[in-house]
>>> print(open('protein-v4.cif').read())   # mmCIF, C-alpha atoms and all ligand atoms
data_final
#
loop_
_atom_site.label_atom_id
_atom_site.label_comp_id
_atom_site.auth_asym_id
_atom_site.auth_seq_id
_atom_site.Cartn_x
_atom_site.Cartn_y
_atom_site.Cartn_z
CA MET A 172 -27.68 -4.65 -1.35
CA THR A 173 -26.66 -7.77 0.52
CA GLN A 174 -23.71 -7.33 2.80
CA SER A 175 -20.87 -9.82 2.96
CA ASP A 176 -20.44 -11.62 6.27
CA GLU A 177 -17.34 -9.50 6.86
CA GLN A 178 -19.20 -6.25 6.14
CA TYR A 179 -22.01 -7.27 8.48
CA MET A 180 -19.62 -8.07 11.31
CA ASP A 181 -17.51 -4.95 10.75
CA SER A 182 -20.70 -2.83 10.84
CA LEU A 183 -21.40 -3.96 14.42
CA PHE A 184 -18.36 -2.15 15.79
CA ALA A 185 -18.16 1.52 16.68
CA GLU A 186 -16.00 3.58 14.37
CA ASP A 187 -12.36 3.53 15.43
CA GLU A 188 -11.39 7.17 15.08
CA VAL A 189 -7.67 6.52 15.31
CA LEU A 190 -7.74 3.90 12.55
CA GLU A 191 -10.11 6.03 10.44
CA ARG A 192 -7.51 8.81 10.58
CA VAL A 193 -4.86 6.31 9.47
CA MET A 194 -6.97 5.33 6.46
CA GLU A 195 -7.47 9.00 5.60
CA GLY A 196 -3.73 9.68 5.96
CA THR A 197 -3.01 6.66 3.75
CA ARG A 198 -5.26 8.06 1.00
CA LYS A 199 -3.76 11.54 1.37
CA ALA A 200 -0.24 10.11 1.06
CA GLU A 201 -1.41 8.27 -2.07
CA MET A 202 -0.26 4.98 -0.60
CA PRO A 203 -1.95 1.67 -1.47
CA GLU A 204 -5.12 1.12 0.57
CA ILE A 205 -4.30 -2.46 1.50
CA SER A 206 -4.06 -2.30 5.29
CA ILE A 207 -5.08 -5.41 7.23
CA ALA A 208 -8.86 -6.01 7.44
CA PRO A 209 -10.47 -4.38 10.49
CA GLY A 210 -11.56 -7.70 12.01
CA TYR A 211 -8.03 -9.02 11.75
CA GLY A 212 -6.66 -5.79 13.22
CA ARG A 213 -8.85 -6.41 16.26
CA LEU A 214 -7.61 -9.99 16.37
CA LEU A 215 -3.96 -8.85 16.33
CA THR A 216 -4.58 -6.71 19.41
CA ILE A 217 -6.26 -9.63 21.21
CA LEU A 218 -3.48 -12.08 20.26
CA VAL A 219 -0.70 -9.74 21.41
CA LYS A 220 -2.50 -9.02 24.67
CA THR A 221 -3.50 -12.60 25.52
CA SER A 222 -0.05 -13.95 24.62
CA ARG A 223 1.54 -11.21 26.76
CA ALA A 224 4.08 -10.63 24.00
CA GLN A 225 6.82 -8.19 24.98
CA ARG A 226 8.67 -7.93 21.68
CA ILE A 227 6.94 -7.91 18.30
CA LEU A 228 8.48 -8.00 14.84
CA GLU A 229 6.33 -6.70 11.99
CA ILE A 230 7.48 -7.31 8.42
CA GLY A 231 5.85 -4.66 6.22
CA ALA A 232 4.77 -1.44 7.98
CA LEU A 233 2.84 0.23 5.14
CA SER A 234 1.08 3.22 6.83
CA GLY A 235 0.99 1.95 10.40
CA TYR A 236 -2.54 0.52 10.66
CA SER A 237 -1.44 -2.95 11.75
CA GLY A 238 1.40 -1.41 13.78
CA ILE A 239 -1.17 0.44 15.88
CA CYS A 240 -3.27 -2.73 16.27
CA LEU A 241 -0.18 -4.63 17.43
CA ALA A 242 1.06 -1.88 19.76
CA ARG A 243 -2.38 -1.62 21.37
CA GLY A 244 -1.88 -5.10 22.77
CA LEU A 245 1.53 -4.33 24.31
CA ASP A 246 2.32 -3.21 27.84
CA ASP A 247 3.84 0.26 27.99
CA GLU A 248 7.35 -1.28 28.16
CA GLY A 249 6.68 -3.62 25.23
CA LYS A 250 8.37 -3.02 21.91
CA LEU A 251 7.48 -3.30 18.23
CA VAL A 252 10.23 -3.46 15.60
CA SER A 253 8.73 -2.77 12.18
CA LEU A 254 10.52 -3.44 8.89
CA GLU A 255 9.62 -1.32 5.88
CA LEU A 256 11.22 -1.20 2.45
CA LYS A 257 10.24 2.37 1.59
CA PRO A 258 11.48 5.30 3.74
CA GLU A 259 8.49 7.44 2.73
CA PHE A 260 6.08 4.71 3.91
CA ALA A 261 7.98 4.32 7.20
CA GLU A 262 7.70 8.09 7.70
CA VAL A 263 3.91 7.99 7.29
CA ALA A 264 3.66 4.91 9.53
CA LYS A 265 5.76 6.58 12.25
CA GLN A 266 3.55 9.65 12.12
CA HIS A 267 0.36 7.60 12.42
CA VAL A 268 1.73 5.39 15.20
CA THR A 269 2.96 8.47 17.09
CA GLU A 270 -0.42 10.23 16.71
CA ALA A 271 -2.02 7.07 18.11
CA GLY A 272 0.18 7.37 21.23
CA HIS A 273 2.50 4.46 20.51
CA GLY A 274 5.57 6.22 19.07
CA HIS A 275 7.70 5.38 22.11
CA GLN A 276 7.09 1.65 21.59
CA VAL A 277 7.97 1.40 17.89
CA GLU A 278 11.30 1.24 16.04
CA TYR A 279 11.31 1.34 12.23
CA ARG A 280 14.06 -0.34 10.23
CA ILE A 281 14.09 0.76 6.62
CA GLY A 282 15.24 -1.24 3.60
CA ASP A 283 15.11 -4.79 2.26
CA ALA A 284 13.49 -6.87 5.00
CA MET A 285 15.76 -9.86 4.32
CA GLU A 286 18.77 -7.63 5.12
CA SER A 287 17.10 -6.27 8.25
CA LEU A 288 16.29 -9.83 9.38
CA LYS A 289 19.91 -10.86 8.88
CA GLN A 290 20.97 -7.84 10.95
CA LEU A 291 18.45 -8.60 13.74
CA GLU A 292 19.76 -12.18 13.89
CA ALA A 293 23.37 -10.91 14.05
CA GLU A 294 22.33 -8.65 16.95
CA GLY A 295 20.91 -11.69 18.75
CA GLN A 296 17.42 -10.18 18.87
CA ARG A 297 14.51 -12.47 19.66
CA PHE A 298 10.75 -11.91 19.42
CA ASP A 299 7.52 -13.23 20.94
CA PHE A 300 5.23 -12.24 18.07
CA PHE A 301 5.65 -11.90 14.32
CA PHE A 302 3.32 -10.28 11.83
CA ILE A 303 4.20 -11.03 8.20
CA ASP A 304 2.53 -8.68 5.71
CA ALA A 305 5.16 -7.62 3.16
CA ASP A 306 6.07 -8.74 -0.40
CA LYS A 307 4.36 -12.08 -0.94
CA GLY A 308 7.23 -13.61 -2.95
CA ASN A 309 9.32 -13.70 0.23
CA TYR A 310 6.66 -15.14 2.55
CA LEU A 311 8.38 -18.50 2.97
CA ASN A 312 11.72 -16.77 3.60
CA TYR A 313 10.10 -14.54 6.21
CA LEU A 314 8.55 -17.56 7.92
CA GLU A 315 11.93 -19.29 8.05
CA TYR A 316 13.51 -16.20 9.60
CA ALA A 317 10.66 -15.89 12.08
CA LEU A 318 11.35 -19.45 13.24
CA ARG A 319 15.02 -18.54 13.76
CA LEU A 320 14.22 -15.36 15.70
CA ALA A 321 11.37 -16.81 17.75
CA ASN A 322 11.30 -17.28 21.49
CA PRO A 323 9.61 -20.55 22.51
CA GLY A 324 5.83 -20.12 22.38
CA ALA A 325 6.04 -17.22 19.94
CA LEU A 326 3.11 -16.49 17.63
CA ILE A 327 3.55 -16.04 13.90
CA VAL A 328 0.70 -14.39 11.98
CA GLY A 329 0.62 -13.95 8.20
CA ASP A 330 -1.81 -11.79 6.20
CA ASN A 331 -3.20 -12.41 2.70
CA THR A 332 -2.86 -16.18 2.58
CA LEU A 333 -5.60 -16.35 -0.09
CA LEU A 334 -4.20 -13.64 -2.40
CA ARG A 335 -7.71 -12.59 -3.40
CA GLY A 336 -8.45 -15.98 -4.92
CA ARG A 337 -5.10 -16.55 -6.62
CA THR A 338 -3.84 -19.04 -4.01
CA THR A 339 -6.62 -21.50 -4.87
CA ASP A 340 -6.76 -20.76 -8.61
CA PRO A 341 -5.02 -23.65 -10.41
CA THR A 342 -4.33 -21.45 -13.45
CA ARG A 343 -2.15 -19.10 -11.36
CA SER A 344 1.46 -20.01 -10.67
CA GLY A 345 3.43 -16.76 -10.47
CA PRO A 346 6.24 -16.37 -7.90
CA ALA A 347 4.05 -14.71 -5.26
CA VAL A 348 1.35 -17.38 -5.61
CA GLN A 349 3.91 -20.18 -5.39
CA ALA A 350 5.59 -18.61 -2.35
CA VAL A 351 2.30 -18.12 -0.49
CA ARG A 352 1.21 -21.70 -1.25
CA GLN A 353 4.53 -22.94 0.15
CA PHE A 354 4.13 -20.64 3.15
CA ASN A 355 0.64 -22.03 3.82
CA GLU A 356 1.84 -25.64 3.48
CA ARG A 357 4.72 -24.96 5.87
CA ILE A 358 2.42 -23.28 8.38
CA ALA A 359 0.13 -26.34 8.26
CA GLN A 360 2.82 -29.03 8.28
CA ASP A 361 5.98 -27.85 10.05
CA PRO A 362 6.35 -30.02 13.17
CA ARG A 363 7.76 -27.03 15.07
CA LEU A 364 4.42 -25.22 14.72
CA MET A 365 0.88 -25.54 16.04
CA SER A 366 -1.26 -23.66 13.54
CA THR A 367 -4.60 -22.63 12.19
CA MET A 368 -5.91 -20.57 9.27
CA LEU A 369 -8.83 -18.20 9.00
CA PRO A 370 -10.49 -17.94 5.56
CA ALA A 371 -12.37 -14.65 6.13
CA TYR A 372 -11.30 -11.46 4.33
CA ASP A 373 -8.09 -12.35 2.42
CA GLY A 374 -7.03 -15.22 4.70
CA LEU A 375 -4.92 -15.17 7.86
CA ALA A 376 -2.44 -17.78 9.11
CA ILE A 377 -1.82 -18.11 12.85
CA ALA A 378 0.94 -20.36 14.16
CA MET A 379 2.48 -20.93 17.56
CA VAL A 380 6.10 -22.04 17.89
CA LYS A 381 6.04 -25.10 20.12
C1 LIG B 401 -3.07 -6.68 -1.05
C2 LIG B 401 -3.58 -6.71 0.24
C3 LIG B 401 -2.72 -6.79 1.30
O1 LIG B 401 -3.17 -6.85 2.59
C4 LIG B 401 -1.36 -6.86 1.09
O2 LIG B 401 -0.56 -6.99 2.18
C5 LIG B 401 -0.85 -6.82 -0.18
C6 LIG B 401 -1.70 -6.72 -1.26
C7 LIG B 401 -3.99 -6.59 -2.17
O3 LIG B 401 -5.20 -6.70 -1.93
O4 LIG B 401 -3.54 -6.43 -3.31
MG MG B 402 -1.71 -7.54 3.90
#
>>> encode(input="protein-v4.cif", output="structure tokens", more="lines below")
Ligand code: DHB
Ligand code: MG
Amino acid sequence: MTQSDEQYMDSLFAEDEVLERVMEGTRKAEMPEISIAPGYGRLLTILVKTSRAQRILEIGALSGYSGICLARGLDDEGKLVSLELKPEFAEVAKQHVTEAGHGHQVEYRIGDAMESLKQLEAEGQRFDFFFIDADKGNYLNYLEYALRLANPGALIVGDNTLLRGRTTDPTRSGPAVQAVRQFNERIAQDPRLMSTMLPAYDGLAIAMVK
């Protein structure tokens, strides 16, 4: 059977035992198996490390796969704040991140991410790196909050910009599709950002706050 380009490239890498355990734990917890693609997980680590980000905000923890990829790029004193709607998901994520040796770097905030973002702004918190990977209907709102909480030069990364074909399907116009299209347009056009987009896997947006 012919492999996809993504499958071919993923097959070149040695198995990542830590992330394999996360996938297994995700299945065991009967959580959705929709973690970030492995190639993008590797990219997150590289982006955090090369940008020397000290404080990361993740919107959507799920089971901790991307949290581990982000934390791997941090210095030991660096910090990841991760927002998660569901307490049971945050519990699984915390366990996986702790098993991976990054528990001391990660703080979970549980509940509606828009409320947590409001609270972080009220606390005067600022971040050098944002990873947006939660409910797609709020993507534009999350991007606007990221811009408000960003230190100059901060990176903003968003997963699933193609929505498995729905973003580019003219017959689809549900709220999540509309929000992601608006998110993508803003990423491409906002004069405060310098951006690019990767079309592999399910699409990834990468923007730098000028
Ligand atoms: C899906 C994938 C994701 O990475 C995500 O964040 C949400 C949904 C999906 O394939 O349905
Ligand atoms: Mg995703």
>>> residues_near_point(input="protein-v4.cif", point="(0.1, 2.5, 8.4)", cutoff="10 Å", atoms="all atoms listed in the file", output="mmCIF file with C-alpha atoms, in the coordinates of the input")
data_model
loop_
_atom_site.group_PDB
_atom_site.id
_atom_site.type_symbol
_atom_site.label_atom_id
_atom_site.label_comp_id
_atom_site.auth_asym_id
_atom_site.auth_seq_id
_atom_site.Cartn_x
_atom_site.Cartn_y
_atom_site.Cartn_z
ATOM 1 C CA LEU A 190 -7.740 3.900 12.550
ATOM 2 C CA VAL A 193 -4.860 6.310 9.470
ATOM 3 C CA MET A 194 -6.970 5.330 6.460
ATOM 4 C CA GLY A 196 -3.730 9.680 5.960
ATOM 5 C CA THR A 197 -3.010 6.660 3.750
ATOM 6 C CA MET A 202 -0.260 4.980 -0.600
ATOM 7 C CA GLU A 204 -5.120 1.120 0.570
ATOM 8 C CA ILE A 205 -4.300 -2.460 1.500
ATOM 9 C CA SER A 206 -4.060 -2.300 5.290
ATOM 10 C CA ILE A 207 -5.080 -5.410 7.230
ATOM 11 C CA GLY A 231 5.850 -4.660 6.220
ATOM 12 C CA ALA A 232 4.770 -1.440 7.980
ATOM 13 C CA LEU A 233 2.840 0.230 5.140
ATOM 14 C CA SER A 234 1.080 3.220 6.830
ATOM 15 C CA GLY A 235 0.990 1.950 10.400
ATOM 16 C CA TYR A 236 -2.540 0.520 10.660
ATOM 17 C CA SER A 237 -1.440 -2.950 11.750
ATOM 18 C CA GLY A 238 1.400 -1.410 13.780
ATOM 19 C CA ILE A 239 -1.170 0.440 15.880
ATOM 20 C CA PHE A 260 6.080 4.710 3.910
ATOM 21 C CA ALA A 261 7.980 4.320 7.200
ATOM 22 C CA GLU A 262 7.700 8.090 7.700
ATOM 23 C CA VAL A 263 3.910 7.990 7.290
ATOM 24 C CA ALA A 264 3.660 4.910 9.530
ATOM 25 C CA LYS A 265 5.760 6.580 12.250
ATOM 26 C CA GLN A 266 3.550 9.650 12.120
ATOM 27 C CA HIS A 267 0.360 7.600 12.420
ATOM 28 C CA VAL A 268 1.730 5.390 15.200
#
>>> closest_residue(input="protein-v4.cif", among="A:Phe302, A:Ala376, A:Glu315, A:Ser182", to="A:Leu333", atoms="only C-alpha atoms")
A:Ala376
>>> atom_distance(input="protein-v4.cif", atom1="atom CA of A:Ser366", atom2="atom CA of A:Ser175")
26.2 Å
>>> closest_residue(input="protein-v4.cif", among="A:Pro370, A:Tyr310, A:Arg243, A:Ala321", to="A:Glu356", atoms="only C-alpha atoms")
A:Tyr310
>>> atom_distance(input="protein-v4.cif", atom1="atom CA of A:Leu254", atom2="atom CA of A:Leu228")
7.8 Å
